[in-house]
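Structure below is query-v2.txt: compact mmCIF, C-alpha atoms.
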```
# COMPACT_ATOMS: atom_id res chain seq x y z
CA MET A 252 49.56 -21.33 -88.81
CA LYS A 253 46.19 -19.65 -88.24
CA ILE A 254 44.97 -22.69 -86.26
CA PHE A 255 47.84 -22.30 -83.77
CA GLN A 256 47.12 -18.56 -83.44
CA ASN A 257 43.46 -19.28 -82.70
CA LYS A 258 44.40 -21.92 -80.14
CA ALA A 259 46.78 -19.47 -78.46
CA LYS A 260 43.99 -16.87 -78.29
CA ILE A 261 41.58 -19.40 -76.74
CA VAL A 262 44.19 -20.37 -74.15
CA ALA A 263 44.93 -16.73 -73.30
CA VAL A 264 41.27 -15.77 -72.92
CA SER A 265 40.60 -18.93 -70.91
CA LYS A 266 43.29 -17.95 -68.41
CA ILE A 267 41.58 -14.60 -67.82
CA VAL A 268 38.07 -16.04 -67.56
CA ARG A 269 39.33 -18.79 -65.25
CA SER A 270 40.83 -16.15 -62.93
CA ILE A 271 37.50 -14.34 -62.79
CA LEU A 272 35.70 -17.61 -62.08
CA PHE A 273 38.16 -18.36 -59.27
CA ALA A 274 37.16 -15.08 -57.63
CA GLY A 275 33.54 -16.18 -58.09
CA LEU A 276 34.29 -19.46 -56.31
CA VAL A 277 35.67 -17.55 -53.34
CA PHE A 278 32.59 -15.31 -53.19
CA TRP A 279 30.17 -18.25 -53.46
CA ILE A 280 31.96 -20.06 -50.61
CA LEU A 281 31.80 -16.91 -48.48
CA GLY A 282 28.10 -16.54 -49.34
CA ILE A 283 27.39 -20.11 -48.27
CA LEU A 284 29.27 -19.66 -45.00
CA ILE A 285 27.55 -16.36 -44.19
CA SER A 286 24.08 -17.70 -44.97
CA LEU A 287 24.71 -20.83 -42.87
CA VAL A 288 25.92 -18.76 -39.93
CA ASP A 289 22.90 -16.47 -40.27
CA LEU A 290 20.70 -19.56 -40.36
CA ILE A 291 22.25 -21.56 -37.52
CA VAL A 292 22.76 -18.80 -34.93
CA PRO A 293 19.06 -17.86 -34.59
CA ILE A 294 18.02 -21.50 -34.46
CA CYS A 295 20.53 -22.38 -31.72
CA PHE A 296 20.16 -19.37 -29.48
CA LEU A 297 16.61 -18.10 -29.93
CA SER A 298 13.13 -19.53 -29.46
CA LYS A 299 11.36 -22.13 -31.56
CA ASP A 300 9.39 -19.35 -33.26
CA THR A 301 12.46 -18.37 -35.22
CA LEU A 302 12.66 -21.87 -36.68
CA TYR A 303 9.41 -21.33 -38.54
CA SER A 304 9.88 -17.69 -39.48
CA SER A 305 10.10 -16.41 -43.02
CA THR A 306 13.61 -15.10 -42.39
CA THR A 307 14.90 -18.54 -41.38
CA PHE A 308 13.18 -20.12 -44.36
CA THR A 309 14.64 -17.56 -46.74
CA LEU A 310 18.14 -17.98 -45.30
CA GLY A 311 17.88 -21.74 -45.75
CA TRP A 312 16.91 -21.32 -49.39
CA MET A 313 19.66 -18.76 -49.87
CA ALA A 314 22.19 -21.32 -48.61
CA LEU A 315 20.79 -23.82 -51.12
CA LEU A 316 20.92 -21.30 -53.94
CA ALA A 317 24.47 -20.31 -53.02
CA SER A 318 25.45 -23.99 -53.08
CA LEU A 319 23.96 -24.41 -56.54
CA GLY A 320 25.71 -21.24 -57.68
CA LEU A 321 28.99 -22.66 -56.39
CA ILE A 322 28.46 -25.86 -58.39
CA ILE A 323 27.70 -23.89 -61.57
CA ASN A 324 30.76 -21.71 -61.06
CA LEU A 325 32.91 -24.79 -60.39
CA LYS A 326 31.74 -26.49 -63.61
CA LEU A 327 32.53 -23.36 -65.63
CA PHE A 328 35.88 -23.04 -63.81
CA ARG A 329 36.76 -26.60 -64.84
CA PHE A 330 35.60 -25.96 -68.41
CA PHE A 331 37.87 -22.94 -68.80
CA GLY A 332 40.65 -24.74 -66.95
CA ARG A 333 40.62 -27.49 -69.55
CA LEU A 334 40.58 -24.89 -72.33
CA LYS A 335 43.54 -23.16 -70.65
CA ASN A 336 45.43 -26.46 -70.62
CA GLY A 337 44.84 -26.92 -74.36
CA TYR A 338 42.10 -29.56 -74.25
CA LEU A 339 39.91 -27.83 -76.78
CA PHE A 340 36.42 -29.22 -77.06
CA ASP A 341 37.01 -32.86 -76.19
CA ALA A 342 34.25 -34.88 -74.53
CA GLN A 343 35.16 -34.04 -70.93
CA THR A 344 35.56 -30.33 -71.64
CA VAL A 345 32.20 -30.11 -73.40
CA GLY A 346 30.68 -32.22 -70.62
CA TYR A 347 31.57 -29.55 -68.07
CA LEU A 348 29.75 -26.93 -70.14
CA ASP A 349 26.70 -29.16 -70.55
CA SER A 350 26.66 -29.94 -66.84
CA ALA A 351 26.90 -26.24 -65.94
CA GLY A 352 23.83 -25.56 -68.09
CA LYS A 353 21.81 -28.30 -66.39
CA TRP A 354 22.79 -27.05 -62.93
CA TRP A 355 21.83 -23.52 -63.97
CA ILE A 356 18.34 -24.69 -64.91
CA LEU A 357 18.03 -26.37 -61.49
CA PHE A 358 19.18 -23.09 -59.91
CA TRP A 359 16.46 -21.27 -61.84
CA LEU A 360 13.79 -23.74 -60.66
CA CYS A 361 14.85 -23.42 -57.00
CA GLU A 362 14.86 -19.65 -57.31
CA GLY A 363 11.31 -19.78 -58.66
CA LEU A 364 10.19 -22.04 -55.84
CA LEU A 365 11.63 -19.61 -53.32
CA VAL A 366 9.71 -16.75 -54.88
CA GLU A 367 6.42 -18.64 -54.92
CA ILE A 368 6.71 -20.10 -51.43
CA ARG A 369 7.62 -16.74 -49.92
CA TYR A 370 4.56 -15.22 -51.56
CA GLN A 371 2.06 -18.04 -51.00
CA VAL A 372 3.05 -19.28 -47.54
CA PHE A 373 4.49 -16.25 -45.81
CA GLN A 374 2.44 -13.59 -47.64
CA LEU A 375 5.60 -11.62 -48.32
CA LYS A 376 5.98 -9.11 -51.09
CA MET A 377 6.27 -10.82 -54.44
CA MET A 378 9.84 -10.98 -55.65
CA THR A 379 10.49 -11.07 -59.35
CA TRP A 380 11.23 -14.37 -60.98
CA ASP A 381 12.77 -13.87 -64.36
CA SER A 382 13.59 -16.32 -67.10
CA GLY A 383 17.25 -15.28 -67.32
CA GLY A 384 18.51 -18.38 -65.52
CA LEU A 385 16.49 -20.67 -67.76
CA PHE A 386 17.75 -18.88 -70.86
CA ALA A 387 21.39 -19.01 -69.70
CA GLY A 388 21.16 -22.70 -68.86
CA LEU A 389 19.58 -23.55 -72.20
CA ILE A 390 22.23 -21.52 -74.05
CA LEU A 391 25.03 -23.40 -72.26
CA ILE A 392 23.41 -26.74 -73.08
CA PHE A 393 22.91 -25.69 -76.71
CA VAL A 394 26.53 -24.54 -77.10
CA ALA A 395 27.75 -27.81 -75.55
CA TRP A 396 25.58 -29.79 -77.96
CA LEU A 397 26.84 -27.70 -80.87
CA LEU A 398 30.47 -28.31 -79.88
CA LYS A 399 29.79 -32.03 -79.48
CA GLU A 400 28.27 -32.20 -82.96
CA ALA A 401 31.16 -30.21 -84.44
CA GLN A 402 33.61 -32.61 -82.82
CA GLU A 403 31.81 -35.61 -84.35
CA LEU A 404 31.83 -33.94 -87.77
CA GLN A 405 35.55 -33.27 -87.49
CA GLU A 406 36.17 -36.92 -86.54
CA GLU A 407 34.14 -38.11 -89.53
CA GLN A 408 36.09 -35.84 -91.86
CA ALA A 409 39.37 -37.10 -90.45
CA LEU A 410 38.30 -40.71 -91.10
CA THR A 411 37.18 -40.09 -94.68
CA VAL A 412 40.37 -38.35 -95.73
```

Could you show the structure in this file as structure tokens?
Amino acid sequence: MKIFQNKAKIVAVSKIVRSILFAGLVFWILGILISLVDLIVPICFLSKDTLYSSTTFTLGWMALLASLGLIINLKLFRFFGRLKNGYLFDAQTVGYLDSAGKWWILFWLCEGLLVEIRYQVFQLKMMTWDSGGLFAGLILIFVAWLLKEAQELQEEQALTV
């Protein structure tokens, strides 16, 4: 009976988290659209100098980072969607979590490149580049690995009984 109660709790919490992630998807899409408009309008209607400016470069990287953020949010949205539908910790569900972690590490690397290029090439004020994205990505990958191992242990126990 306790197993069914735990499953019901996971499904209920997953519905709430999935709703929050849906709002995140909307905001990431709006962020991509706004950064692309801010990037394309100066290039189309102003001089060639704007093409090589630090603002244009930063807006291009921001569009890339927003796209990566959208992918991460989408992977987590799918993960919690599968949990909401009752597919607890099967291979595809855990794969979404693992994939989100790998995309988050790529996001962290691109963010670091943006910081360094802005400082080295354009001599702009140094932005901070923290290790939070790396840590979050590694945690997601670790949790996915842990769930995968737990699933294999459960399958082995089911075969031996």

Distance query 10 Å from (8.9, -19.6, -51.8) using all atoms listed in the file, result as a compact mmCIF listing (two decimals) with C-alpha atoms, keeping the file's coordinate frame:
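Written output follows (point16.txt):
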```
# COMPACT_ATOMS: atom_id res chain seq x y z
CA SER A 305 10.10 -16.41 -43.02
CA PHE A 308 13.18 -20.12 -44.36
CA THR A 309 14.64 -17.56 -46.74
CA TRP A 312 16.91 -21.32 -49.39
CA CYS A 361 14.85 -23.42 -57.00
CA GLU A 362 14.86 -19.65 -57.31
CA GLY A 363 11.31 -19.78 -58.66
CA LEU A 364 10.19 -22.04 -55.84
CA LEU A 365 11.63 -19.61 -53.32
CA VAL A 366 9.71 -16.75 -54.88
CA GLU A 367 6.42 -18.64 -54.92
CA ILE A 368 6.71 -20.10 -51.43
CA ARG A 369 7.62 -16.74 -49.92
CA TYR A 370 4.56 -15.22 -51.56
CA GLN A 371 2.06 -18.04 -51.00
CA VAL A 372 3.05 -19.28 -47.54
CA PHE A 373 4.49 -16.25 -45.81
CA GLN A 374 2.44 -13.59 -47.64
CA LEU A 375 5.60 -11.62 -48.32
CA MET A 377 6.27 -10.82 -54.44
CA MET A 378 9.84 -10.98 -55.65
```

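Nearest residue to A:Ile390 among A:Ser350, A:Thr306, A:Gln408, A:Thr344 is A:Ser350, counting only C-alpha atoms.
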
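When all atoms listed in the file are used to compute distances to A:Phe255, the closest of the residues A:Ile280, A:Leu339, A:Ala314, A:Ile271 turns out to be A:Leu339.
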
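Atom CA of A:Leu272 is found 9.5 Å from atom CA of A:Arg329.
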
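Of note, atom CA of A:Phe393 and atom CA of A:Leu348 are spaced 9.6 Å apart.
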
- Query: Quick one: distance from atom CA of A:Phe386 to atom CA of A:Ile356 in Å, one decimal?
  - Reply: 8.3 Å

- Note on the structure: Min atom-atom distance to A:Gly311 from the set A:Ser265, A:Ser286, A:Ser270, A:Thr411, counting all atoms listed in the file, belongs to A:Ser286

Would you pull stretch 318-378 of chain A out of the block just shown and save C-alpha atoms as a tab-separated table (two decimals), in the first residue's frame?
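Contents of the output file result-v4.tsv:
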```
chain	number	residue	atom	x	y	z
A	318	SER	CA	18.33	28.13	-27.17
A	319	LEU	CA	20.39	25.85	-24.95
A	320	GLY	CA	18.28	26.87	-21.95
A	321	LEU	CA	15.16	25.96	-23.93
A	322	ILE	CA	16.58	22.51	-24.69
A	323	ILE	CA	17.44	21.91	-21.02
A	324	ASN	CA	14.00	23.05	-19.93
A	325	LEU	CA	12.38	20.83	-22.59
A	326	LYS	CA	14.32	17.75	-21.43
A	327	LEU	CA	13.29	18.37	-17.82
A	328	PHE	CA	9.70	19.02	-18.96
A	329	ARG	CA	9.66	15.64	-20.70
A	330	PHE	CA	11.23	13.95	-17.67
A	331	PHE	CA	8.53	15.23	-15.33
A	332	GLY	CA	5.88	14.57	-17.95
A	333	ARG	CA	6.82	10.90	-17.99
A	334	LEU	CA	6.81	10.84	-14.19
A	335	LYS	CA	3.35	12.46	-14.24
A	336	ASN	CA	2.13	9.73	-16.59
A	337	GLY	CA	3.36	7.03	-14.20
A	338	TYR	CA	6.50	5.92	-16.07
A	339	LEU	CA	8.70	5.94	-13.01
A	340	PHE	CA	12.38	5.63	-13.72
A	341	ASP	CA	12.34	3.54	-16.89
A	342	ALA	CA	15.14	3.92	-19.44
A	343	GLN	CA	13.54	6.72	-21.46
A	344	THR	CA	12.57	8.72	-18.38
A	345	VAL	CA	16.06	8.50	-16.90
A	346	GLY	CA	17.50	9.28	-20.35
A	347	TYR	CA	15.75	12.64	-20.34
A	348	LEU	CA	17.35	13.50	-17.00
A	349	ASP	CA	20.79	12.41	-18.21
A	350	SER	CA	20.39	14.39	-21.41
A	351	ALA	CA	19.34	17.51	-19.50
A	352	GLY	CA	22.53	17.27	-17.43
A	353	LYS	CA	24.72	17.00	-20.52
A	354	TRP	CA	23.01	19.97	-22.16
A	355	TRP	CA	23.45	21.96	-18.95
A	356	ILE	CA	27.20	21.35	-19.03
A	357	LEU	CA	27.28	22.57	-22.64
A	358	PHE	CA	25.31	25.65	-21.53
A	359	TRP	CA	27.91	26.26	-18.83
A	360	LEU	CA	30.78	25.99	-21.35
A	361	CYS	CA	29.12	28.42	-23.78
A	362	GLU	CA	28.47	30.83	-20.94
A	363	GLY	CA	32.14	30.68	-20.00
A	364	LEU	CA	33.21	31.29	-23.58
A	365	LEU	CA	30.97	34.34	-23.73
A	366	VAL	CA	32.55	35.74	-20.59
A	367	GLU	CA	36.10	35.18	-21.82
A	368	ILE	CA	35.54	36.46	-25.35
A	369	ARG	CA	33.81	39.60	-24.11
A	370	TYR	CA	36.75	40.28	-21.83
A	371	GLN	CA	39.61	39.31	-24.16
A	372	VAL	CA	38.34	40.55	-27.52
A	373	PHE	CA	36.11	43.48	-26.69
A	374	GLN	CA	37.89	44.58	-23.49
A	375	LEU	CA	34.57	44.74	-21.69
A	376	LYS	CA	34.18	44.52	-17.96
A	377	MET	CA	34.73	40.99	-16.73
A	378	MET	CA	31.48	39.20	-16.04
```
